[in-house]
Structures are given as structure tokens and as C-alpha cells.
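A.B. asks: Can you keep this structure in mind? I'll have questions shortly.
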2 protein chains.
Amino acid sequence: VHEINSVRTAFMFQRVAVLGVGLIGGSVAAALKKRGLAQEVVGYSPYDGEQALRLGLLDRLADHAQLAVEGADLVVVAVPPTEVAEVIVRAMPGMSHDAIVTDVSSVKAQVVPQIADAMGARFDRYVSSHPIAGAEHSGPASANADLFENKKVVLNLPANADALERITRMWQALGAQVCHMSVEQHDATYAAVSHLPHMVAFALCLGLSGRQDAADLLANGGAGLRDTSRVGGSSAALWADILLSNRQALGACSAEFTQAWDAIVQAIESDDKARLIDLLDRAAAWRRAMK
Amino acid sequence: VHEINSVRTAFMFQRVAVLGVGLIGGSVAAALKKRGLAQEVVGYSPYDGEQALRLGLLDRLADHAQLAVEGADLVVVAVPPTEVAEVIVRAMPGMSHDAIVTDVSSVKAQVVPQIADAMGARFDRYVSSHPIAGAEHSGPASANADLFENKKVVLNLPANADALERITRMWQALGAQVCHMSVEQHDATYAAVSHLPHMVAFALCLGLSGRQDAADLLANGGAGLRDTSRVGGSSAALWADILLSNRQALGACSAEFTQAWDAIVQAIESDDKARLIDLLDRAAAWRRAMK
């Protein structure tokens, strides 16, 4: 077991506890280690902690959330949205009073009030983070120390100035660009740009998976199928959790997609080429404006 | 004007006429030139012929389809599905009796009988090709000589053995893997693996493009949005043509997608996590089997 040196060091954090060590948590741990930003990175996960330790993502593995956070000046909670508050509740008894807490959840409106309840008076030490760095692969084996380079991280205020400053510097030190959004704007935006595309890709794969020639299709697709369907291979458990946690904001997006889909289907069925070109042109003009 | 040398050369083709010089036609022309497979590549396009010539994709540009095919032993027709037969009709008076003709259309059931009508007795010199090498970019500027390397090309029988052999060797010489399918199987397969994903991506972009925050969304998306929407930036005119030309096979695919989409939306709206995980799991299992 490492001992924290009493001599002041250049480390940004003395001890970081990472609760949940999958793609995102494992990458945070590995990135902090690689860049020498933490003297010690302690992990905890009942599912894949051993694997993360074996892969070298962590300095040490703890048996309980409460033990993992002991002496940590930063706690990173990297579990699915509905589990964040529960993990914090379990960790709280072991946590230093001045420990900063952040999560990486892609849904905020449902999660942040639960965290406020869990943290009570210490809630001003919480900073809400959402690194835009998901992938269709999950688990510690997919983690990598450079995952956050040139990725966006959205922070949701408020937090106290010190906590916000330290979390901002951490993500920047991992190579990310930090921006700020309100919780409401975040959830509406990521319903549209992340959760909806996942729903669409899952639906594409689900529809094709039910066909008699489903296996043959896998071999015949080109880059169009590969890209359009890619995130449809994501973790079902994680994404069910995300989609349900943000279902209020998703409702409007789903309805907009359904309307757009129906319009295109209708133009094809009625062989209305002028109408179809108009619809596809509007879609393509928007997409081509993406950098 | 080049003269074909009377001395036998190592060229696979003496003169190739490429009618339509966009992404696919321009790439065929450039690839034949780069690999020294044709003594001369002559292009024709009323839209972007000059650009293709300037970009060095062609040896020579002809003013009419009929002039382009004079003396050609291979004619490659690379225009949208509904224009293929019309271009062949216009080229026929200039074509040698033993010229081989191929197209690159991604829809066959509607197009091949029109080509049969256009070519009459010479239809046995036609080989139906579909290179799986489309992209969201179109036009000569997107063409490249290596586009077909490691791409699949689907040939649809029948044709005479000599024509089939020469077209097979041509695509293989451009680096592609050649496979065979019936016209019916081709159209059903590519409705599912190409045309449907394009519809879905266009619908995703169309729905998002109509939002008040449409411009902001462009800046906030990650890799998930980028990949799921990519082919939604494709040419509206080309894709309206493709989707309408294959609307019979697309009908079944569209209905399967609508059913899958509705099931996912319904599971989210009713907050049914077990059902949602089951649906997403079936989708993800199929996608993960893709190589």
C-alpha cells in the first residue's frame, strides 16, 4: 500500500478514487496515471475491478466504495446514470470532508438532484462532468489513457469555485476542451445529438437482426451500414439506463425523428421525387454544415 | 486524338469510355489510368466532364456519349439508376459491336430490363456491376484511383462468358473483391444494408435540422452523431433516384425499421427497462457480429 508523502509534490491530486472502471472510468484512471497527475489512483468496481487492475489502469483496487475513497482528494464516479447517487451514498462515510466529487453521466436532470440528496451539505464539492467520449465498446479492456484528447467535456454549474477550477484543470490536463451548459440545456442537447442517434442505430440493427437473411447482411454491407449502425453495438444495459434516465427530453426528439422518417417513407411510397429531393436536401444541408 | 497502336500491347483495354465521371465513374477512370489498364480513358459528362479532365481523371473528354464510346472496347456507365438506360440509348450508335458495357448502379431490378431494351441483340455484352464504394461526397473532386481497393463489387449474371471474365478481371485489377448475386437478391440485400441506412441517416438529419437549436447541435455532437448521420450528407438528387428505383424492395425494410423503432420508443415511454434491454441486446448482438 502506497503512503502519501508528507513532502509537497507536483501532483495535481494526491489520491484519486475512481468508482466504476469501465471505458470512461478506466480511461480517466489510466490518463491520470500516464500524465503523472495523481500520486495514487485507487479503483473500485464489483464487476471489472480485477480486470482494470490487471490491465494496469489502477495503482490499487479497493474492496468497497467506502474504502476506495479514504484519503482521496478527488472521487470520480463512472457508473450508469441510475447508479451514481447510490455509489456516492455508499462511499460517503469514507470520504474526506474536502474531497471533490465528479461524475461522468450523460444524463443530468434526473441524476444531479439525487446526488444533492446523497451529498447533503457537501454538495458544493460536487462538479457535474460529461465527457463526450463514449464508444460502442465498453469495459476496462476498451479504456485508454488518451481517450479524452481533443474531446469535449461539458460541465454543469453550480459548484464552489475551487472545486470547479480543479475539475476544469483536470479535464484540460487530460487533453479535453471544457465547456459549460445548464443541466436542462445539457439534457435537451444530448438527447438530440447522442441519445437519439443511439436509439436510431439500435432500431436499425434491431430491424435488420430480425430478418431471415440477417447473417448474410453482415457480410454484404459497406461503410454506410458500418457507420450508421456502429453505436447500435453499444452496451444494452448502459444504454437502457441512459435512455430511460433522459426520457423526458428524448420524447420531443423521438417525435421529431418519427415525423421526419414518416415524411421520407411517404415520399418514397407515393413516388414523389420532387418532395423526396426536398426532404433529403434539407437533411444533407444540415449534415454538411458539421465540421 | 490518340491512335490505337496496331502492335499488340499489354493493356487490358485499348480504350475505355466512362459515361458519368462523378465519385464512382471518376474513380474507375483514375484507377484504370493509374494501373495502366487502359491505353486511353475517354470521359463524357454534361455536368462535370471539364472538372474531371482538369483533375487528371481522364485522358480525353468527348462532347457526346456517342462520340465518347467510338472505338472503345469497354463502356462504363456511371450515372444515377434512372439515367443508365437513357445514356446507353444515346451512346449505342457510336459503339463497336463487340464493346463490353457495364454500369455501377446500386439498383438492378428496375434498371437491367431497361438496359436490355436499350441494347437489344447486344445485351449479352452487358455485365451488371455494383461496386460497394459509395460515400457522402460526390462529384469528380471526390474521385480517387484507390477507391475500389478492398471493396466488394457485386456482379449480376447473366452475360456471355468473355464479357463476364473481362469485367471480373477489371474489378480485381482495381483491387476489389468480386462476388455474384441474382438481381432480386442484390436489390433486397442492398435495400437492407445500404438504402435503408441512408433513409435512416437522412431522417435523423432531417429531424434535427428542423429544431430551433439545429445549428448549436452541429457543434455539440460526438463520434456517435457523426457516424450515425454521416451518409445523411449524401447527394439528395442521387439518393432520391436510388430510393425510388428500389422502392419495392425498400418497402419491407422500411416496415421492419418502423416496427423496431416503435418498439424501442414504446419501451422508453412505458419505462419498461427489462423490455428495453432485451430489444437493445438483440440489436447489439447482431451489430457485434459484424467484422
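Naming scheme: A, B, ... for chains in displayed order of the C-alpha cells; residues 1 onward per chain; ligands 1 onward as shown.
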Give me the residues near stretch 258-266 of chain B as an MDAnalysis selection string, where near means some atom within 8 Å (using only C-alpha atoms) and where sequence neighbours in that chain fewer than 3 positions away do not count.
C.D. replies: (chainID A and resid 199:200 203:204 206:207 254) or (chainID B and resid 254:255 269:270 276 279)
A.B. asks: Write the residues of the preceding selection, restricted to N, CA, C and O atoms, as a short mmCIF file (atom, residue, chain, number, x, y, z; two decimals), in the first residue's frame.
C.D. replies:
```
data_model
loop_
_atom_site.label_atom_id
_atom_site.label_comp_id
_atom_site.auth_asym_id
_atom_site.auth_seq_id
_atom_site.Cartn_x
_atom_site.Cartn_y
_atom_site.Cartn_z
N MET A 199 -30.63 5.55 -30.26
CA MET A 199 -31.93 4.91 -30.49
C MET A 199 -32.08 4.50 -31.95
O MET A 199 -32.55 3.40 -32.27
N VAL A 200 -31.71 5.42 -32.84
CA VAL A 200 -31.85 5.17 -34.28
C VAL A 200 -30.96 4.01 -34.72
O VAL A 200 -31.39 3.12 -35.47
N ALA A 203 -32.35 0.80 -33.42
CA ALA A 203 -33.55 0.40 -34.18
C ALA A 203 -33.16 -0.17 -35.54
O ALA A 203 -33.74 -1.16 -36.00
N LEU A 204 -32.14 0.45 -36.17
CA LEU A 204 -31.68 -0.07 -37.46
C LEU A 204 -31.18 -1.51 -37.30
O LEU A 204 -31.54 -2.41 -38.06
N LEU A 206 -31.84 -3.59 -34.80
CA LEU A 206 -32.92 -4.47 -34.34
C LEU A 206 -33.77 -4.93 -35.52
O LEU A 206 -34.09 -6.12 -35.63
N GLY A 207 -34.11 -3.99 -36.40
CA GLY A 207 -34.92 -4.34 -37.57
C GLY A 207 -34.20 -5.34 -38.46
O GLY A 207 -34.78 -6.35 -38.89
N SER A 254 -37.66 12.03 -30.21
CA SER A 254 -38.24 10.84 -30.84
C SER A 254 -39.36 11.25 -31.78
O SER A 254 -39.48 10.72 -32.89
N SER B 254 -38.36 -0.79 -44.77
CA SER B 254 -38.90 0.37 -44.06
C SER B 254 -39.88 -0.08 -42.99
O SER B 254 -39.86 0.45 -41.87
N ALA B 255 -40.71 -1.04 -43.32
CA ALA B 255 -41.71 -1.53 -42.35
C ALA B 255 -41.01 -2.19 -41.17
O ALA B 255 -41.42 -2.02 -40.02
N GLU B 269 -41.10 4.99 -23.44
CA GLU B 269 -42.25 5.74 -22.93
C GLU B 269 -42.90 5.05 -21.74
O GLU B 269 -43.37 5.69 -20.80
N SER B 270 -42.93 3.71 -21.78
CA SER B 270 -43.58 2.97 -20.69
C SER B 270 -42.58 2.63 -19.58
O SER B 270 -42.93 1.91 -18.65
N LEU B 276 -36.72 -2.98 -22.73
CA LEU B 276 -35.78 -2.15 -23.48
C LEU B 276 -34.41 -2.84 -23.59
O LEU B 276 -33.81 -2.88 -24.66
N LEU B 279 -34.59 -5.56 -26.21
CA LEU B 279 -34.57 -5.04 -27.58
C LEU B 279 -33.16 -4.57 -27.97
O LEU B 279 -32.65 -4.91 -29.05
#
```
A.B. asks: What's the 9 Å shell around A:Leu238, counting only C-alpha atoms, without same-chain residues fewer than 3 positions away, as a CSV table (one decimal) with all heavy atoms, in the first residue's frame?
C.D. replies:
```csv
chain,number,residue,atom,x,y,z
A,79,VAL,N,-20.2,5.3,-13.3
A,79,VAL,CA,-21.2,4.2,-13.4
A,79,VAL,C,-22.4,4.7,-14.2
A,79,VAL,O,-22.6,5.9,-14.4
A,79,VAL,CB,-21.6,3.7,-12.0
A,79,VAL,CG1,-20.4,3.2,-11.3
A,79,VAL,CG2,-22.3,4.8,-11.2
A,80,PRO,N,-23.3,3.8,-14.6
A,80,PRO,CA,-24.5,4.3,-15.3
A,80,PRO,C,-25.4,5.3,-14.5
A,80,PRO,O,-25.3,5.2,-13.2
A,80,PRO,CB,-25.3,3.0,-15.6
A,80,PRO,CG,-24.3,1.9,-15.6
A,80,PRO,CD,-23.3,2.4,-14.5
A,81,PRO,N,-26.1,6.2,-15.2
A,81,PRO,CA,-26.8,7.3,-14.5
A,81,PRO,C,-27.6,6.9,-13.3
A,81,PRO,O,-27.5,7.5,-12.2
A,81,PRO,CB,-27.8,7.8,-15.6
A,81,PRO,CG,-27.1,7.4,-16.9
A,81,PRO,CD,-26.3,6.2,-16.6
A,234,SER,N,-23.5,-0.9,-28.9
A,234,SER,CA,-23.2,-0.4,-27.6
A,234,SER,C,-23.9,-1.3,-26.5
A,234,SER,O,-24.8,-2.1,-26.8
A,234,SER,CB,-23.6,1.0,-27.4
A,234,SER,OG,-23.0,1.9,-28.3
A,235,SER,N,-23.4,-1.1,-25.3
A,235,SER,CA,-23.9,-1.9,-24.2
A,235,SER,C,-25.4,-1.7,-24.0
A,235,SER,O,-25.9,-0.5,-23.7
A,235,SER,CB,-23.2,-1.5,-22.9
A,235,SER,OG,-23.9,-1.9,-21.7
A,241,ASP,N,-30.3,2.3,-19.4
A,241,ASP,CA,-30.3,3.2,-18.3
A,241,ASP,C,-30.2,4.6,-18.7
A,241,ASP,O,-31.0,5.5,-18.2
A,241,ASP,CB,-29.0,2.8,-17.5
A,241,ASP,CG,-29.1,3.3,-16.0
A,241,ASP,OD1,-29.9,2.6,-15.3
A,241,ASP,OD2,-28.5,4.3,-15.7
A,242,ILE,N,-29.4,4.9,-19.7
A,242,ILE,CA,-29.3,6.3,-20.2
A,242,ILE,C,-30.6,6.8,-20.8
A,242,ILE,O,-31.1,7.9,-20.5
A,242,ILE,CB,-28.1,6.5,-21.2
A,242,ILE,CG1,-26.8,6.3,-20.5
A,242,ILE,CG2,-28.2,7.8,-21.9
A,242,ILE,CD1,-25.6,6.2,-21.4
A,243,LEU,N,-31.1,6.0,-21.7
A,243,LEU,CA,-32.3,6.4,-22.4
A,243,LEU,C,-33.5,6.6,-21.5
A,243,LEU,O,-34.3,7.6,-21.6
A,243,LEU,CB,-32.7,5.4,-23.5
A,243,LEU,CG,-31.6,5.2,-24.6
A,243,LEU,CD1,-32.1,4.0,-25.6
A,243,LEU,CD2,-31.4,6.5,-25.4
B,277,ILE,N,-33.9,-3.4,-22.5
B,277,ILE,CA,-32.7,-4.1,-22.5
B,277,ILE,C,-32.7,-5.3,-23.5
B,277,ILE,O,-31.8,-5.5,-24.3
B,277,ILE,CB,-32.3,-4.6,-21.1
B,277,ILE,CG1,-31.9,-3.4,-20.2
B,277,ILE,CG2,-31.1,-5.6,-21.2
B,277,ILE,CD1,-31.5,-3.8,-18.8
```
A.B. asks: Going by DSSP on the backbone, which bits of stretch 110-251 of chain B are helix (DSSP H, G or I)? Write them as number ranges by chain, please.
C.D. replies: B: 111-125, 140-142, 161-173, 183-209, 214-220, 223-233, 236-245, 247-251
A.B. asks: Could you pull the residues within 8 Å of B:Tyr44, counting only C-alpha atoms, minus those fewer than 5 positions along the same chain, as a count of residues only?
C.D. replies: 12
A.B. asks: Select, from A:Gly233, A:Pro93, A:Pro131, A:Gly175, the residue with the minimum atom-to-atom distance to chain B, counting only C-alpha atoms.
C.D. replies: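 Answer, going by the shortest atom-to-atom distance: A:Gly233.
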A.B. asks: B:Val104: which residues within 6 Å, counting only C-alpha atoms, same-chain residues fewer than 4 positions away excluded, as a list in words?
C.D. replies: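 Here the qualifying residues turn out to be Ala78, Ser129 and His130 of chain B.
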A.B. asks: Store the residues of this selection in a file with N, CA and C atoms, as a PDB file, in the first residue's frame.
C.D. replies:
```pdb
ATOM      1  N   ALA B  78     -21.754   5.312 -65.446  1.00  0.00           N
ATOM      2  CA  ALA B  78     -21.731   5.625 -64.010  1.00  0.00           C
ATOM      3  C   ALA B  78     -22.607   6.849 -63.728  1.00  0.00           C
ATOM      4  N   SER B 129     -22.620  -4.385 -62.795  1.00  0.00           N
ATOM      5  CA  SER B 129     -21.683  -4.250 -61.654  1.00  0.00           C
ATOM      6  C   SER B 129     -22.279  -3.329 -60.600  1.00  0.00           C
ATOM      7  N   HIS B 130     -21.997  -3.613 -59.338  1.00  0.00           N
ATOM      8  CA  HIS B 130     -22.297  -2.662 -58.276  1.00  0.00           C
ATOM      9  C   HIS B 130     -21.130  -2.627 -57.300  1.00  0.00           C
TER      10      HIS B 130
END
```
A.B. asks: Using backbone DSSP assignments, extract all strand (DSSP E) residues from stretch 97-175 of chain A; output them as JSON, numbers by chain.
C.D. replies: {"A": [100, 101, 102, 103, 126, 127, 128, 129, 130, 131, 152, 153, 154, 155, 156]}
A.B. asks: For B:Ala274, find every residue with an atom within 10 Å (counting only C-alpha atoms), except residues of its own chain fewer than 4 positions away, and show them as an NGL selection string.
C.D. replies: (:A and (237 or 240)) or (:B and (267 or 278-279))
A.B. asks: Can you write out the residues you just picked, keeping N, CA and C atoms, as a PDB file, in the first residue's frame?
C.D. replies:
```
ATOM      1  N   ALA A 237     -27.360  -2.671 -21.449  1.00  0.00           N
ATOM      2  CA  ALA A 237     -27.697  -2.313 -20.061  1.00  0.00           C
ATOM      3  C   ALA A 237     -27.409  -0.838 -19.802  1.00  0.00           C
ATOM      4  N   ALA A 240     -29.910   1.340 -21.993  1.00  0.00           N
ATOM      5  CA  ALA A 240     -31.287   1.329 -21.456  1.00  0.00           C
ATOM      6  C   ALA A 240     -31.346   2.297 -20.279  1.00  0.00           C
TER       7      ALA A 240
ATOM      8  N   ALA B 267     -41.026   1.097 -25.395  1.00  0.00           N
ATOM      9  CA  ALA B 267     -40.373   0.611 -24.170  1.00  0.00           C
ATOM     10  C   ALA B 267     -39.855   1.779 -23.329  1.00  0.00           C
ATOM     11  N   ASP B 278     -33.844  -5.989 -23.509  1.00  0.00           N
ATOM     12  CA  ASP B 278     -33.995  -7.117 -24.431  1.00  0.00           C
ATOM     13  C   ASP B 278     -33.909  -6.639 -25.880  1.00  0.00           C
ATOM     14  N   LEU B 279     -34.588  -5.560 -26.209  1.00  0.00           N
ATOM     15  CA  LEU B 279     -34.567  -5.037 -27.583  1.00  0.00           C
ATOM     16  C   LEU B 279     -33.162  -4.575 -27.965  1.00  0.00           C
TER      17      LEU B 279
END
```
A.B. asks: For a quick check of understanding, using only C-alpha atoms, which of B:Ala141, B:Ala133, B:Ala121, B:Ile115 has the smallest distance to B:Leu55?
C.D. replies: B:Ala141
